[in-house]
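A.B. asks: The structure follows.
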Amino acid sequence: MAAITLLRSASLPGLSDALARDAAAVQHVCSSYLPNNNKEKKRRWILCSLKKTRYKNFDELYMYCYYVAGTVGLMSVPVMGIAPESKATTESVYSAALALGIANQLTNILRDVGEDARRGRIYLPQDELAEAGLSDEDIFNGVVTNKWRSFMKRQIKRARMFFEEAERGVTELSQASRWPVWASLLLYRQILDEIEANDYNNFTKRAYVGKAKKLLALPVAYGRSLLMPYSLRNSQK
Ligand SMILES: CC(C)=CCC/C(C)=C/CC/C(C)=C/CC/C(C)=C/COP(=O)(O)OP(=O)(O)O
């Protein structure tokens, strides 16, 4: 409640009660889990990010992903539970959950570049766009060029690294939670493959995972959910 009052008192025009509630909830979770527990800084960051449409570099984009999706991952761990037999540290499981939230959000951003641009938003690191020789104008024009392809390859590679980081953590979750988490990981990661299959045209073509691929992901996810936690596999060698 204190956090909601705090956000209201900042009197951001247009900040609805529902939004203030969400932001307060996120702020609460972040305050509990972020190692650097600087509440005032975070409060200001959340208020600014609600209006932000550009991200200077990956650090800034990461923080956006952290607040909108990483926190969801963190909150999921106590709900899903860690396998009683797991030997992993609690911290490593939370890190993996955070990584999955970030991976999902980065994927979401890469899929929605065109849609976001039409709303005047560019959720891409400005410094990396500049390094690739691209400007905001290029994003608004939405033409797939070799510069765009190479920029996208770098972004996709990074998103895949976060998925990879998340994978070990999934094996440490309670048995009942592993299947749905594996399924969502496999399905969401395939969006990146579809962006590649669309020759990086995420301006006018929506990367979509077809029904057959979705169905196929389910037994694969089930198989993976039966695997023993990664922490045990190593300790038994
Ligand atoms: C890996 C371990 C240890 C635990 C799992 C932890 C979890 C469940 C992490 C996933 C967190 C998550 C669901 C984040 C949100 C991801 C995301 C980008 C959702 C997309 O939301 P929308 O914007 O509504 O999607 P659309 O754009 O597709 O409508």
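As shown in the structure tokens, the chain order sets the letters A, B, ...; within each chain, residues go from 1, and ligands are also counted from 1 in the order they appear.
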Hey, which residues sit close to ligand 1? Say within 7 Å, counting only C-alpha atoms and all ligand atoms, and write them as number ranges by chain.
C.D. replies: A: 69-70, 72-74, 76-77, 93-94, 96-98, 100-101, 104-105, 108, 166-167, 169-170, 172-173, 181
A.B. asks: Please provide as a list in words all residues within 10 Å of Phe140 (chain A), with the sequence filter that same-chain residues fewer than 5 positions apart are discarded (counting only C-alpha atoms).
C.D. replies: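 Here the qualifying residues turn out to be Val113, Gly114, Asp116, Ala117, Arg118, Arg119, Gly120, Arg121, Ile122, Ser135 and Phe203 of chain A.
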A.B. asks: Could you tell me which of A:Leu226, A:Lys205, A:Leu192, A:Arg178 comes closest to Leu110 (chain A) if we count only C-alpha atoms?
C.D. replies: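 Residue with the minimum atom-to-atom distance to Leu110 (chain A): A:Leu192.
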A.B. asks: Please determine, counting only C-alpha atoms, which residue among A:Ala176, A:Leu134, A:Ile139, A:Met228 has the shortest atom-to-atom distance to Gly81 (chain A).
C.D. replies: A:Ala176
A.B. asks: Nearest residue to Asp199 (chain A) out of A:Thr89, A:Asn146, A:Asn57, A:Leu124, using only C-alpha atoms?
C.D. replies: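 Using only C-alpha atoms, the shortest distance to Asp199 (chain A) belongs to A:Asn146.
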A.B. asks: So how far away is CA of Leu227 (chain A) from CA of Ser86 (chain A), in Å?
C.D. replies: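 So the answer is 12.0 Å.
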A.B. asks: Do a neighbour search on Ser225 (chain A) at 8 Å with only C-alpha atoms, toss out local chain neighbours closer than 4 positions, and write the hits as a list in words.
C.D. replies: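 The contact residues come out as Thr171, Gln175, Arg178, Trp179, Trp182 and Ala221 of chain A.
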A.B. asks: So, with only C-alpha atoms as the atoms that count, which of A:Tyr123, A:Trp148, A:Tyr62, A:Tyr55 lies closest to Tyr200 (chain A)?
C.D. replies: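 That would be A:Trp148, the residue with the smallest distance to Tyr200 (chain A).
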A.B. asks: Could you please write out, as a PyMOL selection string, every residue of region 34-204 of chain A that DSSP assigns to helix (DSSP H, G or I)?
C.D. replies: chain A and resi 39-49+58-80+90-111+113-117+126-131+136-141+146-171+175-197
A.B. asks: Determine the nearest neighbour of Arg154 (chain A) from the options A:Asp59, A:Glu115, A:Asp138, A:Glu196, counting only C-alpha atoms.
C.D. replies: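 Smallest separation from Arg154 (chain A) among the options: A:Glu196.
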A.B. asks: Considering only C-alpha atoms, can you say which of A:Arg168, A:Asn141, A:Ser174, A:Lys147 comes closest to Met80 (chain A)?
C.D. replies: A:Ser174
A.B. asks: Using Å and a single decimal, report how far CA of Arg233 (chain A) sits from CA of Pro84 (chain A).
C.D. replies: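 CA of Arg233 (chain A) lies at a distance of 14.6 Å from CA of Pro84 (chain A).
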A.B. asks: Can you work out the spacing between CA of Asp136 (chain A) and CA of Thr71 (chain A) in Å, to one decimal?
C.D. replies: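 Value for the CA of Asp136 (chain A)-CA of Thr71 (chain A) distance: 28.9 Å.
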A.B. asks: Excluding Val220 (chain A) and any residue of its chain fewer than 4 positions from it, enumerate the residues within 8 Å of it, using only C-alpha atoms, and give them as an MDAnalysis selection string.
C.D. replies: chainID A and resid 183 216 224
